Each structure stands twice: as structure tokens, then as C-alpha cells.
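All remarks here apply to the structure that follows.
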Amino acid sequence: MIIELDSVELYFNERRILNGIYLKAETGHIVGLLGRNGSGKSCLLQILFGSLRPKYKFVKLDDEPLTKPLYALNIASYLPQHHLAPDHLKIKTLFQIMKLDWEDFISHFENFQTYHNARIGRLSGGERRVIETYAVLKQKRKIILLDEPFSNIAPLHIEKIKALIISEKLNKAIMITDHYYRDVIDICDDLYLLNNGCTKKIDKLAELEDYKYLNPGKLKS
């Protein structure tokens, strides 16, 4: 399966945010989207998911124009920057609702074993992010969109989340954006940079320095 997003135009109060966009994701690939804070990365994922309506966009799924938003077709799962589950919800209830395997989860994150009966709101921000990222990744969807999955997560958990993302890509197209650019680069098969409202396909990592996303020598440090 191949999904393509093209010709996006997004304005906020007459200010152009996005123009000249092209993104492509396909089954078996992890697509990384990098860009400075405020460049529009989150907006772009929301547009692809269908929760944000731009002035214009063109989406194709397997070369066929898509006339309905992804969320309405039940083929995409989206991790936003904000929390997904309400604070009062118990973790075991969340796992039941989303049809998740608790034993599989704790096989990856052993120190969460005592949290099964805890309420989501009692967890730290990083612990909550681990659970929500896992929940989105494990949904039976063909397309997975991850916005800042590594945010506030302990380094050990980041490595486990990265391993999960890699294992889930076999039957899914995954798109990820995060300010932890090294972790994105580490696992992605294709890389785009969002710069001045446009996406640029990155073929060589040195281009990240050429486009001023990274300072010279940053990739070697």
C-alpha cells in the first residue's frame, strides 16, 4: 500500500504555513519528517489524517484519489502531541477498549507490570507517552502517524519504542516526526525535511546541514 500527500496549501490568518508539500509512505517503510519547531510538522500529520482541513490538498492511496479522510476509512491510527486517554481511565480499561495484549506490553516494558490497575492520570508524562505510543502502534491499521512519540521518555524506553516501530512496519506504513532527530534518522527508511513551508526529500544526511536544519558538524558529534 502506498499513500501520497501532495500540493498542500495551509494558511492561518492569511499567513501561509504550508505550500509545496509532497510526502510518500508505503507498507514496510518508516518515513521520518524533520523540521524546526513551528515549521508545520504536526499540521502536516493532521492534514494527512484528516483532522485539519487545509485550503487545498491532494491525497492518493495506491494511485487512486482519496475523497474521504483517513480517519473516516479506519485505515490510519494517529498519535497526537496531546494526551489520548482521559486521566480517570484505568490502564486495564484502556487495554480492553483498544484490544491490547497486556502480557505483550509488559514483555517489552517490564517495570510497568504494577500499573495494570492504575489510572492513566497517575503516571508520569513519559510513562503515559509509552503506553499511548504502544496503543497506537498496535492498532490494526495500515497507516500509523506518530507525532513526538519520544517526548519525555527515558532513553531505555526510547530504544524499546524504536524496536517496536521497526517490528510494526512489516505490515504498515509508518510516518514519524520528533525533535529527537537522531532517533528518527536511526530508524527511518525515507527522510523528509519541512523547511519554509515545503518538504524536501533528504537523500544524504549532509543536506540537513545544507538546509540549516542542523549546525555544521552536528551529525558527527
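Quick note on naming: the chains in the C-alpha cells go A, B, ... in the order shown, residues restart at 1 in each chain, and ligands are numbered from 1 in order of appearance.
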List as a list in words the protein and nucleic acid residues near Lys60 of chain A, meaning an atom at most 7 Å away when only C-alpha atoms are counted, but skip any in the same chain fewer than 3 places from it.
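Here the answer would be Ile3, Glu4, Leu5, Asp63, Glu64, Pro65 and Leu66 of chain A.
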Shell of 7 Å around Ile2 of chain A, only C-alpha atoms, local chain residues under 3 positions omitted, as a PDB file with all heavy atoms, in the first residue's frame:
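The resulting file, part_35.pdb, is reproduced below:
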```
ATOM      1  N   ALA A  25       4.439   7.561   1.751  1.00  0.00           N
ATOM      2  CA  ALA A  25       4.701   6.478   2.694  1.00  0.00           C
ATOM      3  C   ALA A  25       4.150   5.191   2.116  1.00  0.00           C
ATOM      4  O   ALA A  25       3.126   5.199   1.431  1.00  0.00           O
ATOM      5  CB  ALA A  25       4.052   6.774   4.045  1.00  0.00           C
ATOM      6  N   GLU A  26       4.823   4.093   2.392  1.00  0.00           N
ATOM      7  CA  GLU A  26       4.363   2.804   1.873  1.00  0.00           C
ATOM      8  C   GLU A  26       4.599   1.707   2.892  1.00  0.00           C
ATOM      9  O   GLU A  26       5.431   1.833   3.799  1.00  0.00           O
ATOM     10  CB  GLU A  26       5.067   2.481   0.562  1.00  0.00           C
ATOM     11  CG  GLU A  26       6.571   2.416   0.640  1.00  0.00           C
ATOM     12  CD  GLU A  26       7.190   2.229  -0.743  1.00  0.00           C
ATOM     13  OE1 GLU A  26       6.988   1.155  -1.334  1.00  0.00           O
ATOM     14  OE2 GLU A  26       7.861   3.155  -1.214  1.00  0.00           O
ATOM     15  N   THR A  27       3.856   0.646   2.734  1.00  0.00           N
ATOM     16  CA  THR A  27       3.956  -0.501   3.629  1.00  0.00           C
ATOM     17  C   THR A  27       5.399  -1.000   3.683  1.00  0.00           C
ATOM     18  O   THR A  27       6.050  -1.152   2.644  1.00  0.00           O
ATOM     19  CB  THR A  27       3.036  -1.638   3.157  1.00  0.00           C
ATOM     20  OG1 THR A  27       1.700  -1.151   3.096  1.00  0.00           O
ATOM     21  CG2 THR A  27       3.103  -2.822   4.114  1.00  0.00           C
ATOM     22  N   LEU A  61      -4.208   7.037  -2.608  1.00  0.00           N
ATOM     23  CA  LEU A  61      -3.975   5.751  -1.971  1.00  0.00           C
ATOM     24  C   LEU A  61      -3.878   4.709  -3.072  1.00  0.00           C
ATOM     25  O   LEU A  61      -4.849   4.463  -3.794  1.00  0.00           O
ATOM     26  CB  LEU A  61      -5.108   5.424  -1.003  1.00  0.00           C
ATOM     27  CG  LEU A  61      -4.916   4.174  -0.131  1.00  0.00           C
ATOM     28  CD1 LEU A  61      -3.746   4.360   0.821  1.00  0.00           C
ATOM     29  CD2 LEU A  61      -6.189   3.866   0.651  1.00  0.00           C
ATOM     30  N   ASP A  62      -2.698   4.137  -3.218  1.00  0.00           N
ATOM     31  CA  ASP A  62      -2.439   3.176  -4.299  1.00  0.00           C
ATOM     32  C   ASP A  62      -2.851   3.753  -5.653  1.00  0.00           C
ATOM     33  O   ASP A  62      -3.564   3.123  -6.449  1.00  0.00           O
ATOM     34  CB  ASP A  62      -3.162   1.851  -4.033  1.00  0.00           C
ATOM     35  CG  ASP A  62      -2.556   1.095  -2.866  1.00  0.00           C
ATOM     36  OD1 ASP A  62      -1.355   1.286  -2.600  1.00  0.00           O
ATOM     37  OD2 ASP A  62      -3.278   0.324  -2.209  1.00  0.00           O
TER      38      ASP A  62
END
```
Practice item. For Leu94 of chain A, list every protein, DNA or RNA residue within 9 Å, evaluated using only C-alpha atoms, and leave out those in the same chain fewer than 5 positions away; present the list as a ChimeraX atom specification. Key: /A:85,89,99-100,120,135
Checklist entry - Near Arg36 of chain A, within 9 Å and counting only C-alpha atoms, which residues show up once chain neighbours fewer than 2 positions away are dropped, as a list in words? => result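 Within the cut-off, the hits are Leu34, Gly38, Ser39, Gly40, Lys41, His179, Leu194, Asn195 and Tyr213 of chain A.
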Exercise. Could you please write out, as a PyMOL selection string, every residue of segment 4-210 of chain A that DSSP assigns to alpha helix (DSSP H)?
Key: chain A and resi 41-49+70-73+91-97+102-108+125-137+155-168+181-187+206-210
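The interatomic distance for the pair atom CA of Lys212 of chain A and atom CA of Tyr11 of chain A works out to 23.9 Å.
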Using only C-alpha atoms, the residue out of A:Leu52, A:Met98, A:Val59, A:Leu208 with shortest distance to Leu10 of chain A is A:Leu52
Margin query: Applying 12 Å and only C-alpha atoms, which residues near Ala173 of chain A remain after dropping the ones on its own chain fewer than 4 positions away? List them as a ChimeraX atom specification.
Written below: /A:1-4,24-32,61,75-77,137,140-146,165-169,188-190
Which of segment 4-208 of chain A DSSP labels strand (DSSP E or B), written as a PyMOL selection string = chain A and resi 4-12+15-19+22-26+30-35+56-61+64-65+76-79+90+119+143-147+173-177+190-195+198-202
Rounded to one decimal in Å, what is the spacing between atom CA of Tyr181 of chain A and atom CA of Ile153 of chain A?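 Spanning atom CA of Tyr181 of chain A to atom CA of Ile153 of chain A is a straight-line distance of 14.3 Å.
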